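A.B. asks: Input file: query.tsv. Contents: TSV, C-alpha atoms.
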```tsv
chain	number	residue	atom	x	y	z
A	9	MET	CA	0.00	0.00	0.00
A	10	THR	CA	1.27	3.48	-0.82
A	11	PRO	CA	2.20	5.62	2.21
A	12	ASP	CA	-0.55	8.24	2.39
A	13	THR	CA	-0.82	9.28	6.04
A	14	VAL	CA	1.06	11.75	8.23
A	15	VAL	CA	0.87	11.36	12.00
A	16	ILE	CA	1.20	14.58	13.96
A	17	GLY	CA	2.37	14.13	17.55
A	18	THR	CA	4.86	12.11	19.57
A	19	GLY	CA	2.87	10.88	22.58
A	20	ASN	CA	1.55	7.41	23.34
A	21	VAL	CA	-1.34	7.51	20.87
A	22	ALA	CA	0.76	9.04	18.09
A	23	THR	CA	3.51	6.47	18.63
A	24	ASP	CA	1.19	3.49	18.49
A	25	ILE	CA	-0.90	4.75	15.57
A	26	ALA	CA	2.35	5.39	13.67
A	27	ARG	CA	3.36	1.78	14.38
A	28	MET	CA	0.02	0.47	13.10
A	29	LEU	CA	0.19	2.59	9.95
A	30	ALA	CA	3.79	1.57	9.29
A	31	SER	CA	2.85	-2.11	9.61
A	32	CYS	CA	0.43	-1.80	6.70
A	33	GLY	CA	2.61	0.54	4.63
A	34	ARG	CA	0.53	3.70	5.08
A	35	LEU	CA	2.84	5.83	7.23
A	36	ALA	CA	4.45	8.57	5.14
A	37	ALA	CA	5.79	10.87	7.87
A	38	VAL	CA	5.72	11.86	11.51
A	39	ALA	CA	5.43	15.56	12.28
A	40	ALA	CA	5.97	17.40	15.54
A	41	ARG	CA	7.15	20.73	16.93
A	42	SER	CA	10.45	18.98	17.66
A	43	VAL	CA	11.96	17.24	14.65
A	44	ASP	CA	14.19	15.25	17.00
A	45	LYS	CA	11.15	13.81	18.79
A	46	ALA	CA	9.50	13.04	15.46
A	47	GLN	CA	12.67	11.29	14.34
A	48	LYS	CA	12.60	9.00	17.38
A	49	ILE	CA	9.36	7.54	16.00
A	50	ALA	CA	9.95	7.85	12.26
A	51	GLY	CA	13.48	6.45	12.51
A	52	ALA	CA	12.11	3.04	13.39
A	53	TYR	CA	10.52	2.70	9.94
A	54	PRO	CA	12.58	2.82	6.72
A	55	GLY	CA	11.52	5.53	4.32
A	56	VAL	CA	9.34	7.40	6.83
A	57	LYS	CA	10.17	11.10	7.14
A	58	ALA	CA	10.42	13.21	10.28
A	59	VAL	CA	9.38	16.83	9.81
A	60	GLY	CA	8.82	19.96	11.86
A	61	LEU	CA	5.21	20.95	12.32
A	62	TYR	CA	5.42	24.68	11.80
A	63	ASN	CA	8.87	25.43	10.41
A	64	THR	CA	8.60	23.38	7.23
A	65	THR	CA	6.03	22.34	4.63
A	66	LEU	CA	4.23	19.16	5.55
A	67	PRO	CA	4.54	16.29	3.05
A	68	ASP	CA	1.58	15.79	0.73
A	69	ALA	CA	-0.75	13.13	2.11
A	70	LYS	CA	-4.32	11.88	1.94
A	71	PHE	CA	-4.75	11.88	5.73
A	72	TYR	CA	-3.27	13.90	8.57
A	73	ILE	CA	-3.90	12.35	11.98
A	74	CYS	CA	-3.48	14.80	14.85
A	75	ALA	CA	-2.72	12.71	17.94
A	76	VAL	CA	-1.89	15.69	20.13
A	77	THR	CA	-3.16	17.40	23.28
A	78	ASP	CA	-6.67	18.85	23.15
A	79	PRO	CA	-5.55	22.52	22.98
A	80	ALA	CA	-3.02	21.69	20.24
A	81	ILE	CA	-5.81	20.51	17.91
A	82	LEU	CA	-7.30	23.98	17.65
A	83	HIS	CA	-3.84	25.53	17.31
A	84	ILE	CA	-3.11	23.25	14.36
A	85	ALA	CA	-6.52	23.98	12.81
A	86	GLU	CA	-5.98	27.72	13.06
A	87	ASN	CA	-2.31	27.89	12.09
A	88	ILE	CA	-1.76	25.27	9.38
A	89	PRO	CA	-3.54	26.03	6.08
A	90	ASP	CA	-6.13	23.67	4.66
A	91	ASN	CA	-4.75	21.59	1.81
A	92	GLY	CA	-7.85	19.61	0.87
A	93	ALA	CA	-6.73	16.44	2.64
A	94	VAL	CA	-8.71	14.69	5.40
A	95	TRP	CA	-7.70	16.09	8.79
A	96	ILE	CA	-8.46	13.88	11.78
A	97	HIS	CA	-8.05	14.23	15.53
A	98	THR	CA	-7.95	11.35	18.03
A	99	ALA	CA	-9.31	13.02	21.17
A	100	GLY	CA	-12.19	11.48	23.10
A	101	SER	CA	-13.79	14.66	24.42
A	102	VAL	CA	-13.11	17.19	21.65
A	103	GLY	CA	-16.04	17.77	19.30
A	104	ILE	CA	-15.73	17.36	15.56
A	105	GLU	CA	-16.79	20.98	15.14
A	106	ILE	CA	-13.30	22.10	16.17
A	107	TRP	CA	-12.35	21.62	12.49
A	108	ALA	CA	-15.32	23.54	11.09
A	109	GLY	CA	-14.30	26.65	9.20
A	110	HIS	CA	-10.68	25.53	9.14
A	111	ARG	CA	-10.82	22.40	7.00
A	112	SER	CA	-12.87	21.33	4.00
A	113	ARG	CA	-12.68	17.62	4.92
A	114	TYR	CA	-12.28	16.45	8.48
A	115	GLY	CA	-13.19	13.93	11.12
A	116	VAL	CA	-12.42	12.06	14.31
A	117	LEU	CA	-10.70	8.72	14.86
A	118	TYR	CA	-10.81	8.00	18.59
A	119	PRO	CA	-9.41	4.68	19.85
A	120	LEU	CA	-11.54	3.42	22.74
A	121	GLN	CA	-8.58	1.62	24.25
A	122	THR	CA	-5.81	2.26	26.73
A	123	ILE	CA	-2.64	2.97	24.77
A	124	SER	CA	0.91	3.12	26.07
A	125	SER	CA	4.09	3.29	24.04
A	126	LEU	CA	5.64	0.98	26.67
A	127	ARG	CA	3.24	-1.84	25.78
A	128	PRO	CA	1.90	-1.71	22.19
A	129	VAL	CA	-1.74	-2.67	21.84
A	130	ASP	CA	-3.06	-5.34	19.49
A	131	SER	CA	-4.86	-3.23	16.88
A	132	SER	CA	-7.54	-5.91	16.45
A	133	ARG	CA	-8.70	-5.11	19.99
A	134	ILE	CA	-9.45	-1.45	19.32
A	135	PRO	CA	-12.95	-0.08	18.75
A	136	TRP	CA	-12.45	3.09	16.68
A	137	LEU	CA	-15.10	5.75	17.25
A	138	ILE	CA	-15.30	7.68	13.99
A	139	GLU	CA	-17.04	10.86	12.87
A	140	ALA	CA	-16.76	12.96	9.73
A	141	ASP	CA	-18.02	16.08	8.01
A	142	SER	CA	-19.79	14.02	5.34
A	143	PRO	CA	-20.69	10.42	4.43
A	144	VAL	CA	-17.88	10.40	1.84
A	145	THR	CA	-15.26	11.45	4.39
A	146	LEU	CA	-16.68	8.97	6.92
A	147	GLN	CA	-16.18	6.16	4.42
A	148	LEU	CA	-12.56	7.25	3.86
A	149	ILE	CA	-11.83	7.29	7.60
A	150	ASP	CA	-13.58	3.95	8.05
A	151	SER	CA	-11.37	2.45	5.33
A	152	LEU	CA	-8.24	3.90	6.95
A	153	ALA	CA	-9.16	2.48	10.37
A	154	ASN	CA	-9.99	-0.94	8.94
A	155	SER	CA	-6.62	-1.10	7.22
A	156	ILE	CA	-4.84	-0.93	10.58
A	157	GLY	CA	-7.17	-3.33	12.37
A	158	GLY	CA	-9.95	-3.16	14.90
A	159	TRP	CA	-13.51	-2.25	14.13
A	160	CYS	CA	-15.32	1.02	13.62
A	161	VAL	CA	-18.28	2.44	15.50
A	162	SER	CA	-20.01	5.66	14.45
A	163	PRO	CA	-21.46	7.45	17.48
A	164	LYS	CA	-24.58	9.52	16.84
A	165	ASN	CA	-22.61	12.69	17.55
A	166	SER	CA	-19.65	14.14	19.44
A	167	SER	CA	-21.72	14.30	22.63
A	168	GLU	CA	-22.24	10.54	22.60
A	169	ARG	CA	-18.52	10.02	21.97
A	170	ALA	CA	-17.75	12.28	24.95
A	171	MET	CA	-20.03	10.15	27.15
A	172	LEU	CA	-18.22	7.02	25.98
A	173	HIS	CA	-14.98	8.75	26.95
A	174	VAL	CA	-16.37	9.41	30.45
A	175	ALA	CA	-17.35	5.74	30.77
A	176	ALA	CA	-13.89	4.71	29.59
A	177	VAL	CA	-12.26	6.76	32.35
A	178	PHE	CA	-14.38	4.95	34.95
A	179	ALA	CA	-13.81	1.51	33.42
A	180	CYS	CA	-10.12	1.88	32.61
A	181	ASN	CA	-8.31	4.75	34.29
A	182	PHE	CA	-9.99	4.49	37.68
A	183	THR	CA	-9.74	0.68	37.65
A	184	ASN	CA	-6.04	0.90	36.81
A	185	TYR	CA	-5.46	3.33	39.68
A	186	ILE	CA	-7.17	0.98	42.13
A	187	LEU	CA	-5.07	-1.94	40.86
A	188	GLY	CA	-1.97	0.19	41.43
A	189	GLU	CA	-3.08	0.76	45.03
A	190	ALA	CA	-3.53	-3.00	45.51
A	191	PHE	CA	-0.12	-3.71	43.96
A	192	ASP	CA	1.58	-1.13	46.18
A	193	PHE	CA	0.00	-2.61	49.29
A	194	LEU	CA	1.08	-6.16	48.45
A	195	GLU	CA	4.57	-5.16	47.34
A	196	ASP	CA	5.05	-3.37	50.66
A	197	GLN	CA	4.32	-6.74	52.29
A	198	ASN	CA	6.69	-8.55	49.88
A	199	ILE	CA	3.77	-10.38	48.27
A	200	ASP	CA	3.70	-10.96	44.50
A	201	PRO	CA	0.70	-9.01	43.10
A	202	SER	CA	0.22	-11.62	40.35
A	203	ILE	CA	-1.78	-13.61	42.91
A	204	LEU	CA	-4.61	-11.14	42.16
A	205	LYS	CA	-4.71	-11.91	38.44
A	206	PRO	CA	-7.32	-14.75	38.54
A	207	LEU	CA	-9.54	-12.62	40.78
A	208	VAL	CA	-9.33	-9.58	38.50
A	209	GLU	CA	-9.90	-11.66	35.35
A	210	ARG	CA	-12.97	-13.27	36.93
A	211	THR	CA	-14.29	-9.87	37.98
A	212	VAL	CA	-14.03	-8.56	34.41
A	213	GLU	CA	-15.64	-11.72	33.01
A	214	ASN	CA	-18.53	-11.30	35.45
A	215	ALA	CA	-18.96	-7.65	34.55
A	216	PHE	CA	-19.57	-8.54	30.90
A	217	SER	CA	-21.65	-11.65	31.56
A	218	GLY	CA	-24.90	-9.85	30.77
A	219	LYS	CA	-25.83	-8.99	34.33
A	220	SER	CA	-25.22	-5.59	35.87
A	221	PRO	CA	-21.90	-5.39	37.74
A	222	HIS	CA	-23.88	-3.92	40.64
A	223	LEU	CA	-25.79	-7.21	40.93
A	224	LEU	CA	-22.51	-9.14	41.03
A	225	GLN	CA	-20.83	-6.91	43.63
A	226	THR	CA	-19.14	-8.81	46.45
A	227	GLY	CA	-17.12	-7.81	49.51
A	228	PRO	CA	-17.64	-6.50	53.03
A	229	ALA	CA	-19.46	-3.29	52.01
A	230	VAL	CA	-22.21	-5.25	50.22
A	231	ARG	CA	-22.57	-7.52	53.25
A	232	GLY	CA	-22.69	-4.50	55.56
A	233	ASN	CA	-19.72	-5.82	57.52
A	234	LYS	CA	-18.46	-2.58	58.99
A	235	ALA	CA	-16.08	-4.33	61.37
A	236	VAL	CA	-14.12	-5.84	58.47
A	237	ILE	CA	-14.10	-2.50	56.65
A	238	GLU	CA	-12.61	-0.76	59.67
A	239	SER	CA	-10.03	-3.51	60.17
A	240	HIS	CA	-8.92	-3.10	56.54
A	241	ILE	CA	-8.72	0.67	56.85
A	242	ASN	CA	-6.55	0.35	59.94
A	243	ARG	CA	-4.03	-1.67	57.92
A	244	LEU	CA	-3.64	0.94	55.19
A	245	PRO	CA	-1.57	4.11	54.88
A	246	ALA	CA	-3.59	7.32	55.12
A	247	ASP	CA	-4.08	8.01	51.38
A	248	SER	CA	-5.09	4.45	50.59
A	249	ALA	CA	-7.33	4.32	53.66
A	250	GLU	CA	-9.15	7.43	52.42
A	251	THR	CA	-9.77	5.80	49.03
A	252	TYR	CA	-10.88	2.54	50.65
A	253	ARG	CA	-13.34	4.32	52.94
A	254	PHE	CA	-14.78	6.44	50.12
A	255	LEU	CA	-15.37	3.45	47.81
A	256	SER	CA	-16.72	1.26	50.61
A	257	ASP	CA	-19.17	4.02	51.52
A	258	LYS	CA	-20.33	4.30	47.87
A	259	ILE	CA	-20.85	0.51	47.64
A	260	TYR	CA	-22.61	0.38	51.01
A	261	ARG	CA	-25.01	3.18	50.06
A	262	LYS	CA	-25.71	1.53	46.69
A	263	HIS	CA	-26.71	-1.76	48.30
A	264	HIS	CA	-28.28	-0.44	51.51
A	265	PRO	CA	-30.34	2.50	50.18
A	266	SER	CA	-32.69	2.55	53.17
A	267	GLU	CA	-29.76	3.58	55.38
A	268	LYS	CA	-28.78	6.66	53.34
```
Represent the supplied structure as structure tokens.

C.D. replies:
Amino acid sequence: MTPDTVVIGTGNVATDIARMLASCGRLAAVAARSVDKAQKIAGAYPGVKAVGLYNTTLPDAKFYICAVTDPAILHIAENIPDNGAVWIHTAGSVGIEIWAGHRSRYGVLYPLQTISSLRPVDSSRIPWLIEADSPVTLQLIDSLANSIGGWCVSPKNSSERAMLHVAAVFACNFTNYILGEAFDFLEDQNIDPSILKPLVERTVENAFSGKSPHLLQTGPAVRGNKAVIESHINRLPADSAETYRFLSDKIYRKHHPSEK
């Protein structure tokens, strides 16, 4: 496939999307404010250029994917001239209208997945939430996403995509933080945290079994066992104890509404 896509950015999402595009021969260049940072990504793929974002002319391409911070999207829209290509951002909570008036063809390609450059994600496990200025552009973005794997979902609008982003923060980011707390606690006791893996895997399986996770909730807060809750809190450092008490209180109130 002919390289036809420029990735703008050097963060986790930009790095992994560049890898996916390079694997199917579509990555033409990586652009960033710092050419050196762009080169760190582009240099891994023969024939892929590294270019400055504002101090040079961007290579001609069919797609420009802006995997940058939310404020940087508008800065790019306002300061880089439209060239008739399809301009795409990857942010979960930024509306598609940010491109309006700045680009003739534009859209959104948001990966509903946790992405880290330290641990590349299997592209087949990514739902891509896509939007576009027109059905024709949507088809082009859909084709681009399918070429790098995963599957595409078209939310009704940017508001729905933003709500999915909120849900993703609860399901992923908050869950990951809580796992980090559990790991820290066990590591302080010289216990291998991998002992939690079967429990966590079972919890996730249960959550997607078709029944509400609230109905499958277990633990001392559901049982109303305040003595166990207090004994756990007394074993924790202050910050972790605060988190434990807050979450236990939320679970208790959810399952014992008459005691609110």

A.B. asks: Report as a PyMOL selection string all protein, DNA and RNA residues lying within 12 Å of Ala153 in chain A, evaluated on only C-alpha atoms, omitting residues in the same chain fewer than 3 positions from it.

C.D. replies: chain A and resi 13+25+28-29+32+34+71+73+96+98+116-119+131-132+134-139+146-150+156-161

A.B. asks: Could you state the separation of CA of Leu152 in chain A and CA of Val174 in chain A in Å, given to one decimal place?

C.D. replies: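 Interatomic distance, CA of Leu152 in chain A to CA of Val174 in chain A: 25.5 Å.
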
A.B. asks: Rank A:Gln225, A:Asn184, A:Asn20, A:Ser167 by their smallest atom-to-atom distance to Pro128 in chain A, using only C-alpha atoms, and report the top residue only.

C.D. replies: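 That would be A:Asn20, the residue with the smallest distance to Pro128 in chain A.
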
A.B. asks: In Å, rounded to a single decimal, give me how far CA of Gly60 in chain A is from CA of Ala80 in chain A.

C.D. replies: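 Pair CA of Ala80 in chain A / CA of Gly60 in chain A returns 14.6 Å.
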
A.B. asks: Could you tell me how far CA of Tyr252 in chain A sits from CA of Lys219 in chain A, in Å to one decimal place?

C.D. replies: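 CA of Lys219 in chain A sits 25.0 Å away from CA of Tyr252 in chain A.
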
A.B. asks: Please identify all polymer residues within 9 Å of Ala108 in chain A, counting all atoms listed in the file, omitting same-chain residues fewer than 4 positions from it, and present them as a PyMOL selection string.

C.D. replies: chain A and resi 85+104+112-114+141

A.B. asks: So which one's closest to Ala36 in chain A, A:Asp12, A:Asp24, A:Asp192, A:Asp247? Using only C-alpha atoms, please.

C.D. replies: A:Asp12

A.B. asks: So, with all atoms listed in the file as the atoms that count, which of A:Met9, A:His110, A:Val208, A:Asp200 lies closest to Thr183 in chain A?

C.D. replies: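 Closest to Thr183 in chain A, using all atoms listed in the file: A:Val208.
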
A.B. asks: Counting all atoms listed in the file, which of A:Ser248, A:Glu238, A:Gly232, A:Glu105 gets nearest to Glu267 in chain A?

C.D. replies: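 Looking at the shortest contact to Glu267 in chain A, the residue is A:Gly232.
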
A.B. asks: Pick from A:Val94, A:Pro11, A:Phe216, A:Pro89: nearest to Tyr53 in chain A, with only C-alpha atoms counted?

C.D. replies: A:Pro11

A.B. asks: With all atoms listed in the file as the atoms that count, which of A:Thr251, A:Thr23, A:Ser220, A:Asn154 lies nearest to Gly51 in chain A?

C.D. replies: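 The shortest atom-to-atom distance to Gly51 in chain A comes from A:Thr23.
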
A.B. asks: Would you list the contacts of range 37-39 of chain A as a count of residues only, taking every protein, DNA or RNA residue within 6 Å and counting only C-alpha atoms, but skipping same-chain residues closer than 5 positions in sequence?

C.D. replies: 11
